[in-house]
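Structure data follow from target_35.pdb (PDB, C-alpha atoms):
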```pdb
ATOM      1  CA  MET A 489      76.323  79.044 100.206
ATOM      2  CA  LYS A 490      78.336  78.591 103.401
ATOM      3  CA  ASP A 491      80.540  81.488 104.494
ATOM      4  CA  ILE A 492      84.261  80.851 103.995
ATOM      5  CA  THR A 493      86.602  82.445 106.526
ATOM      6  CA  ILE A 494      90.257  82.621 105.526
ATOM      7  CA  LEU A 495      93.354  83.364 107.584
ATOM      8  CA  GLY A 496      95.873  85.064 105.302
ATOM      9  CA  ILE A 497      99.621  85.294 105.979
ATOM     10  CA  GLU A 498     101.918  87.768 104.152
ATOM     11  CA  THR A 499     105.729  87.882 104.588
ATOM     12  CA  SER A 500     107.089  88.579 101.105
ATOM     13  CA  CYS A 501     109.286  91.573 102.002
ATOM     14  CA  ASP A 502     109.393  93.754 105.127
ATOM     15  CA  GLU A 503     105.823  93.595 106.457
ATOM     16  CA  THR A 504     104.629  90.724 108.643
ATOM     17  CA  SER A 505     100.869  90.595 108.248
ATOM     18  CA  ALA A 506      97.963  88.363 109.206
ATOM     19  CA  SER A 507      94.320  88.910 108.300
ATOM     20  CA  ILE A 508      90.931  87.271 108.673
ATOM     21  CA  VAL A 509      88.670  87.768 105.645
ATOM     22  CA  LYS A 510      85.165  86.370 105.102
ATOM     23  CA  ASN A 511      84.001  85.451 101.598
ATOM     24  CA  GLY A 512      86.893  87.245  99.932
ATOM     25  CA  ARG A 513      85.622  90.782 100.584
ATOM     26  CA  GLU A 514      84.752  91.338 104.240
ATOM     27  CA  VAL A 515      87.845  92.122 106.320
ATOM     28  CA  LEU A 516      87.382  91.091 109.953
ATOM     29  CA  SER A 517      90.956  92.002 110.914
ATOM     30  CA  ASN A 518      94.148  93.034 109.125
ATOM     31  CA  VAL A 519      97.258  93.349 111.302
ATOM     32  CA  ILE A 520     100.505  94.659 109.790
ATOM     33  CA  ASN A 521     103.851  94.768 111.573
ATOM     34  CA  SER A 522     106.109  97.002 109.472
ATOM     35  CA  GLN A 523     109.912  96.862 109.536
ATOM     36  CA  ILE A 524     110.419 100.265 107.839
ATOM     37  CA  LYS A 525     112.091 101.839 110.894
ATOM     38  CA  ILE A 526     114.560  98.941 111.080
ATOM     39  CA  HIS A 527     115.595  99.062 107.401
ATOM     40  CA  GLU A 528     115.504 102.870 107.104
ATOM     41  CA  LYS A 529     119.082 103.270 108.363
ATOM     42  CA  PHE A 530     120.333 100.868 105.663
ATOM     43  CA  GLY A 531     118.568 102.722 102.833
ATOM     44  CA  GLY A 532     116.622  99.604 101.811
ATOM     45  CA  VAL A 533     115.498  96.160 102.937
ATOM     46  CA  VAL A 534     118.220  93.849 104.277
ATOM     47  CA  PRO A 535     116.887  90.351 103.436
ATOM     48  CA  GLU A 536     118.463  88.464 106.348
ATOM     49  CA  ILE A 537     117.239  90.989 108.914
ATOM     50  CA  ALA A 538     113.760  90.918 107.335
ATOM     51  CA  SER A 539     113.590  87.129 107.675
ATOM     52  CA  ARG A 540     114.612  87.200 111.340
ATOM     53  CA  LYS A 541     112.045  89.889 112.140
ATOM     54  CA  HIS A 542     109.296  87.861 110.428
ATOM     55  CA  ILE A 543     110.162  84.869 112.642
ATOM     56  CA  GLU A 544     109.943  87.071 115.744
ATOM     57  CA  ALA A 545     106.619  88.670 114.772
ATOM     58  CA  ILE A 546     104.535  86.093 112.920
ATOM     59  CA  SER A 547     102.935  84.263 115.862
ATOM     60  CA  THR A 548     102.093  87.495 117.701
ATOM     61  CA  VAL A 549     100.660  89.118 114.574
ATOM     62  CA  THR A 550      98.471  86.062 113.872
ATOM     63  CA  GLU A 551      97.206  85.943 117.461
ATOM     64  CA  GLU A 552      96.353  89.649 117.265
ATOM     65  CA  ALA A 553      94.457  89.134 113.989
ATOM     66  CA  LEU A 554      92.377  86.362 115.582
ATOM     67  CA  LYS A 555      91.737  88.473 118.671
ATOM     68  CA  LYS A 556      90.616  91.515 116.651
ATOM     69  CA  ALA A 557      88.230  89.312 114.657
ATOM     70  CA  ASN A 558      86.951  87.792 117.931
ATOM     71  CA  MET A 559      87.820  84.316 116.636
ATOM     72  CA  ASP A 560      90.084  81.387 117.343
ATOM     73  CA  PHE A 561      91.662  78.835 115.010
ATOM     74  CA  SER A 562      88.544  76.615 115.105
ATOM     75  CA  ASP A 563      86.594  79.370 113.307
ATOM     76  CA  ILE A 564      89.015  79.408 110.338
ATOM     77  CA  ASP A 565      88.102  77.410 107.219
ATOM     78  CA  VAL A 566      91.231  77.929 105.086
ATOM     79  CA  ILE A 567      94.869  78.913 105.686
ATOM     80  CA  ALA A 568      96.465  81.068 102.973
ATOM     81  CA  CYS A 569      99.935  82.495 102.461
ATOM     82  CA  THR A 570     102.067  84.327  99.923
ATOM     83  CA  TYR A 571     104.550  81.923  98.310
ATOM     84  CA  GLY A 572     106.048  84.318  95.750
ATOM     85  CA  PRO A 573     107.342  86.545  94.354
ATOM     86  CA  GLY A 574     109.478  88.159  97.045
ATOM     87  CA  LEU A 575     112.575  87.669  99.186
ATOM     88  CA  VAL A 576     113.156  83.940  99.533
ATOM     89  CA  GLY A 577     114.018  83.968 103.243
ATOM     90  CA  ALA A 578     111.052  86.175 104.090
ATOM     91  CA  LEU A 579     108.670  84.056 102.019
ATOM     92  CA  LEU A 580     109.876  80.845 103.685
ATOM     93  CA  VAL A 581     108.823  82.143 107.110
ATOM     94  CA  GLY A 582     105.215  82.684 106.018
ATOM     95  CA  VAL A 583     105.035  79.498 103.943
ATOM     96  CA  GLY A 584     106.471  77.382 106.764
ATOM     97  CA  TYR A 585     104.147  78.902 109.343
ATOM     98  CA  ALA A 586     101.061  78.488 107.130
ATOM     99  CA  LYS A 587     101.938  74.859 106.342
ATOM    100  CA  ALA A 588     102.393  74.117 110.059
ATOM    101  CA  LEU A 589      98.983  75.630 110.826
ATOM    102  CA  SER A 590      97.356  73.745 107.957
ATOM    103  CA  TYR A 591      98.812  70.445 109.159
ATOM    104  CA  ALA A 592      98.140  70.974 112.880
ATOM    105  CA  LEU A 593      94.581  72.249 112.377
ATOM    106  CA  ASN A 594      93.737  69.952 109.445
ATOM    107  CA  LYS A 595      92.629  72.950 107.361
ATOM    108  CA  PRO A 596      93.002  73.399 103.557
ATOM    109  CA  LEU A 597      96.047  75.371 102.411
ATOM    110  CA  VAL A 598      96.127  77.890  99.543
ATOM    111  CA  GLY A 599      99.381  79.395  98.256
ATOM    112  CA  VAL A 600      98.833  82.848  96.734
ATOM    113  CA  ASN A 601     100.781  84.808  94.133
ATOM    114  CA  HIS A 602     101.648  88.150  95.743
ATOM    115  CA  ILE A 603     100.760  90.100  92.561
ATOM    116  CA  GLU A 604      97.361  88.409  92.317
ATOM    117  CA  GLY A 605      96.911  89.517  95.926
ATOM    118  CA  HIS A 606      97.544  93.154  94.996
ATOM    119  CA  ILE A 607      94.893  92.877  92.269
ATOM    120  CA  ALA A 608      92.430  91.335  94.752
ATOM    121  CA  ALA A 609      92.838  94.333  97.098
ATOM    122  CA  ASN A 610      90.389  96.083  94.765
ATOM    123  CA  TYR A 611      87.697  93.484  95.561
ATOM    124  CA  ILE A 612      87.888  94.487  99.226
ATOM    125  CA  THR A 613      87.590  98.219  98.554
ATOM    126  CA  PHE A 614      84.967  97.824  95.809
ATOM    127  CA  LYS A 615      82.476  95.091  96.703
ATOM    128  CA  GLU A 616      80.779  95.482  93.306
ATOM    129  CA  LEU A 617      83.931  94.992  91.181
ATOM    130  CA  GLU A 618      83.919  91.820  89.070
ATOM    131  CA  PRO A 619      86.019  90.632  86.090
ATOM    132  CA  GLU A 620      86.565  91.415  83.228
ATOM    133  CA  PHE A 621      88.684  94.534  83.658
ATOM    134  CA  LEU A 622      92.139  95.930  82.948
ATOM    135  CA  CYS A 623      94.566  96.200  85.854
ATOM    136  CA  LEU A 624      97.781  98.228  85.991
ATOM    137  CA  VAL A 625     100.035  96.685  88.646
ATOM    138  CA  ILE A 626     102.685  99.189  89.769
ATOM    139  CA  SER A 627     104.984  98.232  92.632
ATOM    140  CA  GLY A 628     108.598  97.960  93.707
ATOM    141  CA  GLY A 629     109.064  94.802  91.684
ATOM    142  CA  HIS A 630     106.426  94.991  88.943
ATOM    143  CA  THR A 631     104.931  97.151  86.229
ATOM    144  CA  HIS A 632     102.324  95.055  84.423
ATOM    145  CA  LEU A 633      99.237  95.706  82.331
ATOM    146  CA  ILE A 634      97.028  92.680  82.954
ATOM    147  CA  LYS A 635      93.672  91.640  81.549
ATOM    148  CA  ILE A 636      91.675  90.134  84.424
ATOM    149  CA  GLU A 637      89.623  87.567  82.533
ATOM    150  CA  ASP A 638      88.299  85.910  85.689
ATOM    151  CA  TYR A 639      89.189  85.853  89.396
ATOM    152  CA  THR A 640      91.973  83.320  88.782
ATOM    153  CA  LYS A 641      92.598  83.851  85.060
ATOM    154  CA  PHE A 642      95.024  86.543  83.906
ATOM    155  CA  LYS A 643      96.554  87.634  80.623
ATOM    156  CA  ILE A 644      99.631  89.895  80.585
ATOM    157  CA  LEU A 645      99.281  92.569  77.886
ATOM    158  CA  GLY A 646     102.456  94.511  78.687
ATOM    159  CA  LYS A 647     105.225  94.710  81.294
ATOM    160  CA  THR A 648     108.484  96.466  82.059
ATOM    161  CA  LYS A 649     111.554  95.389  80.126
ATOM    162  CA  ASP A 650     113.912  96.470  82.911
ATOM    163  CA  ASP A 651     113.249  98.394  86.153
ATOM    164  CA  ALA A 652     109.851  98.329  87.804
ATOM    165  CA  ILE A 653     108.406 101.779  88.400
ATOM    166  CA  GLY A 654     108.695 101.456  92.181
ATOM    167  CA  GLU A 655     112.344 100.491  91.830
ATOM    168  CA  ALA A 656     112.928 103.617  89.708
ATOM    169  CA  PHE A 657     111.236 105.791  92.368
ATOM    170  CA  ASP A 658     113.426 104.280  95.103
ATOM    171  CA  LYS A 659     116.668 104.691  93.151
ATOM    172  CA  VAL A 660     115.858 108.312  92.280
ATOM    173  CA  ALA A 661     115.050 108.944  95.963
ATOM    174  CA  ARG A 662     118.326 107.359  97.069
ATOM    175  CA  VAL A 663     120.458 109.485  94.753
ATOM    176  CA  MET A 664     118.674 112.591  96.057
ATOM    177  CA  GLU A 665     119.481 111.439  99.600
ATOM    178  CA  LEU A 666     115.844 110.986 100.558
ATOM    179  CA  SER A 667     115.253 108.357 103.230
ATOM    180  CA  TYR A 668     113.814 104.873 102.607
ATOM    181  CA  PRO A 669     111.128 104.129 101.444
ATOM    182  CA  GLY A 670     111.764 106.556  98.609
ATOM    183  CA  GLY A 671     108.506 106.571  96.647
ATOM    184  CA  PRO A 672     106.385 108.519  99.181
ATOM    185  CA  LYS A 673     109.278 110.967  99.741
ATOM    186  CA  VAL A 674     109.501 111.741  95.989
ATOM    187  CA  ASP A 675     105.716 112.204  95.848
ATOM    188  CA  LYS A 676     105.806 114.629  98.790
ATOM    189  CA  LEU A 677     108.746 116.662  97.458
ATOM    190  CA  ALA A 678     107.194 116.836  93.961
ATOM    191  CA  LYS A 679     104.173 118.703  95.361
ATOM    192  CA  SER A 680     106.347 121.780  95.993
ATOM    193  CA  GLY A 681     108.148 121.575  92.618
ATOM    194  CA  GLU A 682     107.442 122.352  88.974
ATOM    195  CA  PRO A 683     107.698 119.704  86.204
ATOM    196  CA  ASN A 684     109.925 122.008  84.145
ATOM    197  CA  ILE A 685     112.761 119.600  83.273
ATOM    198  CA  GLU A 686     112.544 117.588  80.067
ATOM    199  CA  LEU A 687     113.314 113.921  80.681
ATOM    200  CA  PRO A 688     113.525 111.052  78.163
ATOM    201  CA  LYS A 689     110.518 108.819  77.520
ATOM    202  CA  THR A 690     111.122 105.323  76.212
ATOM    203  CA  HIS A 691     108.762 104.327  73.399
ATOM    204  CA  LEU A 692     108.487 100.589  72.773
ATOM    205  CA  ASP A 693     106.354  98.633  70.339
ATOM    206  CA  GLY A 694     103.248  97.170  71.911
ATOM    207  CA  LEU A 695     102.360  97.790  75.553
ATOM    208  CA  ASP A 696     105.705  97.199  77.298
ATOM    209  CA  PHE A 697     107.471  99.735  79.535
ATOM    210  CA  SER A 698     111.064 100.758  80.232
ATOM    211  CA  PHE A 699     112.173 102.966  83.115
ATOM    212  CA  SER A 700     115.958 102.491  83.162
ATOM    213  CA  GLY A 701     116.565 105.419  80.772
ATOM    214  CA  ILE A 702     114.657 108.024  82.775
ATOM    215  CA  LYS A 703     116.168 106.721  86.021
ATOM    216  CA  THR A 704     119.688 107.153  84.636
ATOM    217  CA  ALA A 705     118.849 110.624  83.260
ATOM    218  CA  VAL A 706     117.611 111.809  86.658
ATOM    219  CA  ILE A 707     120.693 110.403  88.407
ATOM    220  CA  ASN A 708     123.020 112.143  85.927
ATOM    221  CA  LEU A 709     121.184 115.469  86.212
ATOM    222  CA  ASN A 710     121.306 115.286  89.988
ATOM    223  CA  HIS A 711     125.070 114.667  89.909
ATOM    224  CA  ASN A 712     126.026 117.161  87.201
ATOM    225  CA  LYS A 713     123.620 120.100  87.503
ATOM    226  CA  LYS A 714     124.032 121.546  90.970
ATOM    227  CA  ASN A 715     121.594 124.402  90.300
ATOM    228  CA  ILE A 716     118.617 122.093  89.708
ATOM    229  CA  LYS A 717     116.040 122.150  92.487
ATOM    230  CA  LYS A 718     115.304 118.701  93.862
ATOM    231  CA  GLU A 719     111.606 119.575  94.042
ATOM    232  CA  ASP A 720     111.534 120.298  90.295
ATOM    233  CA  LEU A 721     113.464 117.136  89.483
ATOM    234  CA  CYS A 722     111.036 115.046  91.548
ATOM    235  CA  ALA A 723     108.022 116.725  89.913
ATOM    236  CA  SER A 724     109.491 116.239  86.429
ATOM    237  CA  PHE A 725     110.340 112.589  87.098
ATOM    238  CA  GLU A 726     106.883 111.875  88.541
ATOM    239  CA  LYS A 727     105.102 113.544  85.618
ATOM    240  CA  THR A 728     107.209 111.809  82.957
ATOM    241  CA  VAL A 729     106.827 108.280  84.349
ATOM    242  CA  THR A 730     103.089 108.896  84.796
ATOM    243  CA  ASP A 731     102.872 110.036  81.154
ATOM    244  CA  MET A 732     104.455 106.700  80.184
ATOM    245  CA  LEU A 733     101.968 104.745  82.295
ATOM    246  CA  ILE A 734      99.016 106.716  80.897
ATOM    247  CA  GLN A 735     100.138 106.298  77.283
ATOM    248  CA  ASN A 736     100.262 102.492  77.354
ATOM    249  CA  THR A 737      97.216 102.114  79.577
ATOM    250  CA  GLU A 738      95.139 104.286  77.257
ATOM    251  CA  LYS A 739      96.271 102.160  74.296
ATOM    252  CA  ALA A 740      95.286  98.967  76.131
ATOM    253  CA  LEU A 741      91.885 100.345  77.147
ATOM    254  CA  LYS A 742      91.086 101.256  73.534
ATOM    255  CA  MET A 743      92.489  98.031  72.031
ATOM    256  CA  GLU A 744      90.377  95.776  74.258
ATOM    257  CA  ASN A 745      87.449  98.203  74.710
ATOM    258  CA  PHE A 746      87.669  97.972  78.503
ATOM    259  CA  LYS A 747      85.206 100.004  80.557
ATOM    260  CA  LYS A 748      86.878  99.284  83.928
ATOM    261  CA  LEU A 749      90.461 100.001  84.985
ATOM    262  CA  ALA A 750      91.934  99.089  88.366
ATOM    263  CA  LEU A 751      95.313 100.078  89.759
ATOM    264  CA  ALA A 752      97.179  97.894  92.244
ATOM    265  CA  GLY A 753     100.488  97.713  94.101
ATOM    266  CA  GLY A 754     102.404 100.072  96.355
ATOM    267  CA  VAL A 755     102.914 102.794  93.736
ATOM    268  CA  SER A 756      99.140 103.042  93.229
ATOM    269  CA  ALA A 757      99.126 105.005  96.507
ATOM    270  CA  ASN A 758     100.963 107.875  94.746
ATOM    271  CA  SER A 759      98.676 110.933  94.858
ATOM    272  CA  TYR A 760      99.760 112.402  91.505
ATOM    273  CA  ILE A 761      99.339 109.074  89.687
ATOM    274  CA  ARG A 762      95.840 108.691  91.150
ATOM    275  CA  GLU A 763      94.893 112.197  90.061
ATOM    276  CA  ARG A 764      96.096 111.617  86.490
ATOM    277  CA  PHE A 765      94.288 108.292  86.161
ATOM    278  CA  LEU A 766      91.029 109.789  87.409
ATOM    279  CA  GLU A 767      91.403 112.362  84.603
ATOM    280  CA  LEU A 768      91.989 109.511  82.131
ATOM    281  CA  GLY A 769      88.806 107.802  83.343
ATOM    282  CA  LYS A 770      86.767 110.939  82.709
ATOM    283  CA  LYS A 771      88.340 111.422  79.281
ATOM    284  CA  LEU A 772      87.585 107.855  78.134
ATOM    285  CA  ASP A 773      84.386 107.281  80.156
ATOM    286  CA  VAL A 774      86.077 104.407  82.014
ATOM    287  CA  GLU A 775      85.456 103.481  85.664
ATOM    288  CA  ILE A 776      88.673 103.815  87.709
ATOM    289  CA  TYR A 777      89.350 101.737  90.838
ATOM    290  CA  PHE A 778      92.127 102.152  93.439
ATOM    291  CA  PRO A 779      92.486 100.109  96.634
ATOM    292  CA  GLU A 780      92.278 102.206  99.782
ATOM    293  CA  ILE A 781      95.753 103.403 100.787
ATOM    294  CA  SER A 782      96.176 100.825 103.588
ATOM    295  CA  LEU A 783      95.610  98.033 101.055
ATOM    296  CA  CYS A 784      98.143  99.341  98.503
ATOM    297  CA  THR A 785     101.114  98.301 100.620
ATOM    298  CA  ASP A 786     101.803  94.647 101.409
ATOM    299  CA  ASN A 787      99.087  93.188 103.637
ATOM    300  CA  ALA A 788      97.475  89.843 104.362
ATOM    301  CA  ALA A 789      93.875  90.903 103.643
ATOM    302  CA  MET A 790      94.601  91.001  99.904
ATOM    303  CA  ILE A 791      96.217  87.538 100.173
ATOM    304  CA  ALA A 792      93.147  86.112 101.909
ATOM    305  CA  SER A 793      90.889  87.720  99.291
ATOM    306  CA  SER A 794      92.806  86.151  96.417
ATOM    307  CA  ALA A 795      92.892  82.826  98.280
ATOM    308  CA  TYR A 796      89.101  82.799  98.516
ATOM    309  CA  TYR A 797      88.707  82.771  94.732
ATOM    310  CA  ASN A 798      91.474  80.195  94.335
ATOM    311  CA  TYR A 799      89.770  78.027  96.951
ATOM    312  CA  LEU A 800      86.457  78.225  95.082
ATOM    313  CA  ALA A 801      88.283  77.292  91.858
ATOM    314  CA  GLY A 802      89.851  74.252  93.552
ATOM    315  CA  ASN A 803      93.389  75.660  93.419
ATOM    316  CA  LEU A 804      94.619  74.133  96.687
ATOM    317  CA  SER A 805      98.187  73.586  97.824
ATOM    318  CA  ASP A 806      99.683  70.690  99.766
ATOM    319  CA  LEU A 807     102.535  70.449 102.261
ATOM    320  CA  SER A 808     105.106  70.412  99.442
ATOM    321  CA  LEU A 809     104.356  74.128  98.854
ATOM    322  CA  ASN A 810     107.613  76.064  98.692
ATOM    323  CA  ALA A 811     108.712  79.690  98.309
ATOM    324  CA  VAL A 812     109.166  80.802  94.675
ATOM    325  CA  PRO A 813     110.985  84.168  94.793
ATOM    326  CA  ASN A 814     110.639  84.808  91.045
ATOM    327  CA  LEU A 815     107.062  83.551  90.684
ATOM    328  CA  LYS A 816     105.312  84.845  87.562
ATOM    329  CA  ILE A 817     101.657  85.728  87.234
ATOM    330  CA  SER A 818      99.865  83.212  85.036
TER     331      SER A 818
END
```

What does this structure look like when you write it as structure tokens?
Amino acid sequence: MKDITILGIETSCDETSASIVKNGREVLSNVINSQIKIHEKFGGVVPEIASRKHIEAISTVTEEALKKANMDFSDIDVIACTYGPGLVGALLVGVGYAKALSYALNKPLVGVNHIEGHIAANYITFKELEPEFLCLVISGGHTHLIKIEDYTKFKILGKTKDDAIGEAFDKVARVMELSYPGGPKVDKLAKSGEPNIELPKTHLDGLDFSFSGIKTAVINLNHNKKNIKKEDLCASFEKTVTDMLIQNTEKALKMENFKKLALAGGVSANSYIRERFLELGKKLDVEIYFPEISLCTDNAAMIASSAYYNYLAGNLSDLSLNAVPNLKIS
């Protein structure tokens, strides 16, 4: 079978990224231009600023990706981009740029669901990984338990009813006056604390999650109990939300008799969460997969990987492709 080389474009939030990936798993280049330093002073991503910075960076980032792969546009078989979910202005930059390339170069276009991209990051790190498996997607916007039936076929088994876990991490970090992005700061501070504070766990029927209660409890404790050490509060929060993730994931693994579990999304880079899930794998004799840390955050390599399997399945886009900020996984 002929090799398929895909140029992936990712602009869903505050990273402008372009990547060249061969056959869905071999990364030839993966260039990421992060805006963290710009948004840090605002305590979070400012959508309009993010969009402008994507416009400034996207051509340069793409040229750098081609250069690092020692290729030019004639070597590319398919153009891929994230079209949702994400910030609408940011998404439009990547979608518009990818459509222009597709039209000018007369190359096929594939629009990719950002969450499916996060799942596909595992295919890059683990060349042997194939469906079926269970995937826990944990990010700033999502907390989903998903059955990966095939490369482009997904079944949601459970999801958050309110805040995503990454959103809860960021809000807890903000109230503790930790700088943006909050998740890594909470993880770092928790290492020097003790999980000695009892926090509420939400128990729902089925496999759904809820993190608004624990988020509010942490915020109230931080405001009202001045003698609480921030390190202990971070450690207690991290342990409690991980307990909630483990509880539902273990139920799902047993219900469906899965032997493979992958984690995906920005929060899957959390060191404590990784440690606890490795313990779960040993306990249940289940193989555990995490993307390498550089592929947990938003990047175009994961988009190109997902696009490869969509391309093989005939899931092509045309020039009417538009940004869908609230796109669901299907």

Which residues of segment 645-695 of chain A have any atom within 8 Å of an atom in segment 722-746 of chain A when counting all atoms listed in the file, and what is the closest pair of atoms for each, with the distance in Å to one decimal? Order the rows by chain and rising number and write it as a tab-separated table.
```
residue	atom	partner	partner_atom	distance
A:Leu645	CA	A:Ala740	CA	7.7
A:Ile653	CA	A:Val729	CA	7.8
A:Val674	CA	A:Cys722	CA	5.7
A:Asp675	CA	A:Glu726	CA	7.4
A:Leu677	CA	A:Cys722	CA	6.5
A:Ala678	CA	A:Ala723	CA	4.1
A:Lys679	CA	A:Ala723	CA	7.0
A:Gly681	CA	A:Ala723	CA	5.6
A:Glu682	CA	A:Ala723	CA	5.7
A:Pro683	CA	A:Ser724	CA	3.9
A:Asn684	CA	A:Ser724	CA	6.2
A:Ile685	CA	A:Ser724	CA	5.7
A:Glu686	CA	A:Ser724	CA	7.2
A:Leu687	CA	A:Thr728	CA	6.8
A:Pro688	CA	A:Thr728	CA	8.0
A:Lys689	CA	A:Met732	CA	7.0
A:Thr690	CA	A:Met732	CA	7.9
A:Leu695	CA	A:Asn736	CA	5.5
```

Store the residues of this selection in a file with C-alpha atoms, as an mmCIF file, in the frame of the given file.
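Result saved to selection-v6.cif:
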```cif
data_model
loop_
_atom_site.group_PDB
_atom_site.id
_atom_site.type_symbol
_atom_site.label_atom_id
_atom_site.label_comp_id
_atom_site.auth_asym_id
_atom_site.auth_seq_id
_atom_site.Cartn_x
_atom_site.Cartn_y
_atom_site.Cartn_z
ATOM 1 C CA LEU A 645 99.281 92.569 77.886
ATOM 2 C CA ILE A 653 108.406 101.779 88.400
ATOM 3 C CA VAL A 674 109.501 111.741 95.989
ATOM 4 C CA ASP A 675 105.716 112.204 95.848
ATOM 5 C CA LEU A 677 108.746 116.662 97.458
ATOM 6 C CA ALA A 678 107.194 116.836 93.961
ATOM 7 C CA LYS A 679 104.173 118.703 95.361
ATOM 8 C CA GLY A 681 108.148 121.575 92.618
ATOM 9 C CA GLU A 682 107.442 122.352 88.974
ATOM 10 C CA PRO A 683 107.698 119.704 86.204
ATOM 11 C CA ASN A 684 109.925 122.008 84.145
ATOM 12 C CA ILE A 685 112.761 119.600 83.273
ATOM 13 C CA GLU A 686 112.544 117.588 80.067
ATOM 14 C CA LEU A 687 113.314 113.921 80.681
ATOM 15 C CA PRO A 688 113.525 111.052 78.163
ATOM 16 C CA LYS A 689 110.518 108.819 77.520
ATOM 17 C CA THR A 690 111.122 105.323 76.212
ATOM 18 C CA LEU A 695 102.360 97.790 75.553
#
```

Query - Picked residues, the PyMOL selection byres ((chain A and resi 575) around 9), expected as a list in words - result: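 This file, filtered by the PyMOL selection byres ((chain A and resi 575) around 9), leaves Thr499, Ser500, Cys501, Pro535, Ala538, Ser539, Gly572, Pro573, Gly574, Val576, Gly577, Ala578, Leu579, Leu580, Ala811, Val812, Pro813 and Asn814 of chain A.
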
Serialized selection, C-alpha atoms, as a CSV table (one decimal), in the frame of the given file:
```csv
chain,number,residue,atom,x,y,z
A,499,THR,CA,105.7,87.9,104.6
A,500,SER,CA,107.1,88.6,101.1
A,501,CYS,CA,109.3,91.6,102.0
A,535,PRO,CA,116.9,90.4,103.4
A,538,ALA,CA,113.8,90.9,107.3
A,539,SER,CA,113.6,87.1,107.7
A,572,GLY,CA,106.0,84.3,95.8
A,573,PRO,CA,107.3,86.5,94.4
A,574,GLY,CA,109.5,88.2,97.0
A,576,VAL,CA,113.2,83.9,99.5
A,577,GLY,CA,114.0,84.0,103.2
A,578,ALA,CA,111.1,86.2,104.1
A,579,LEU,CA,108.7,84.1,102.0
A,580,LEU,CA,109.9,80.8,103.7
A,811,ALA,CA,108.7,79.7,98.3
A,812,VAL,CA,109.2,80.8,94.7
A,813,PRO,CA,111.0,84.2,94.8
A,814,ASN,CA,110.6,84.8,91.0
```

>> With the PyMOL selection byres ((chain A and resi 797-807) around 10) as the selection, what would be picked from this file? Answer as a PyMOL selection string, please.
In response: chain A and resi 492+494+511-512+566+568+583-584+586-588+590-591+596-600+608+638-640+792-796+808-810

Starting from the displayed file, determine the output of the PyMOL selection byres ((chain A and resi 497) around 6) and express the residue list as a PyMOL selection string.
-> chain A and resi 496+498+505-506+569+788

Please identify all polymer residues lying at most 12 Å from the point (104.8, 96.8, 84.2) (file coordinates), using all atoms listed in the file, and present the result as a short mmCIF file (atom, residue, chain, number, x, y, z; two decimals) with C-alpha atoms, keeping the file's coordinate frame.
```
data_model
loop_
_atom_site.label_atom_id
_atom_site.label_comp_id
_atom_site.auth_asym_id
_atom_site.auth_seq_id
_atom_site.Cartn_x
_atom_site.Cartn_y
_atom_site.Cartn_z
CA ILE A 603 100.76 90.10 92.56
CA CYS A 623 94.57 96.20 85.85
CA LEU A 624 97.78 98.23 85.99
CA VAL A 625 100.04 96.68 88.65
CA ILE A 626 102.68 99.19 89.77
CA SER A 627 104.98 98.23 92.63
CA GLY A 628 108.60 97.96 93.71
CA GLY A 629 109.06 94.80 91.68
CA HIS A 630 106.43 94.99 88.94
CA THR A 631 104.93 97.15 86.23
CA HIS A 632 102.32 95.06 84.42
CA LEU A 633 99.24 95.71 82.33
CA ILE A 634 97.03 92.68 82.95
CA ILE A 644 99.63 89.90 80.58
CA LEU A 645 99.28 92.57 77.89
CA GLY A 646 102.46 94.51 78.69
CA LYS A 647 105.22 94.71 81.29
CA THR A 648 108.48 96.47 82.06
CA LYS A 649 111.55 95.39 80.13
CA ASP A 650 113.91 96.47 82.91
CA ASP A 651 113.25 98.39 86.15
CA ALA A 652 109.85 98.33 87.80
CA ILE A 653 108.41 101.78 88.40
CA GLY A 654 108.70 101.46 92.18
CA GLU A 655 112.34 100.49 91.83
CA ALA A 656 112.93 103.62 89.71
CA LEU A 695 102.36 97.79 75.55
CA ASP A 696 105.70 97.20 77.30
CA PHE A 697 107.47 99.74 79.54
CA SER A 698 111.06 100.76 80.23
CA PHE A 699 112.17 102.97 83.12
CA VAL A 729 106.83 108.28 84.35
CA MET A 732 104.46 106.70 80.18
CA LEU A 733 101.97 104.74 82.30
CA ILE A 734 99.02 106.72 80.90
CA ASN A 736 100.26 102.49 77.35
CA THR A 737 97.22 102.11 79.58
CA LEU A 751 95.31 100.08 89.76
CA ALA A 752 97.18 97.89 92.24
CA GLY A 753 100.49 97.71 94.10
CA VAL A 755 102.91 102.79 93.74
CA ILE A 817 101.66 85.73 87.23
#
```

inquiry  = I'd like the contact shell of Ile564 of chain A - 9 Å cut-off, all atoms listed in the file, skipping same-chain residues fewer than 3 positions apart - returned as number ranges by chain.
reply    = A: 492-495, 508, 559-561, 567, 595

If we count only C-alpha atoms and set the cut-off at 10 Å, which residues sit around Ser547 of chain A, ignoring sequence neighbours fewer than 5 positions away in its own chain? Please answer as a list of chain:residue names.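 My reading of the contact set: A:Thr504, A:Ala506, A:His542, A:Glu552, A:Ala553, A:Tyr585.
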
List as CSV every residue of segment 732-792 of chain A that is in contact with segment 514-528 of chain A, defined as an atom at most 10 Å from one of its atoms (using all atoms listed in the file), together with the nearest atom pair and the distance in Å rounded to one decimal, sorted by chain and then rising number.
```
residue,atom,partner,partner_atom,distance
A:Ser782,CA,A:Ile520,CA,9.8
A:Leu783,CA,A:Asn518,CA,9.6
A:Thr785,CA,A:Ile520,CA,9.9
A:Asp786,CA,A:Ile520,CA,8.5
A:Asn787,CA,A:Ile520,CA,6.5
A:Ala788,CA,A:Asn518,CA,6.6
A:Ala789,CA,A:Asn518,CA,5.9
A:Met790,CA,A:Val515,CA,9.4
A:Ala792,CA,A:Val515,CA,9.1
```
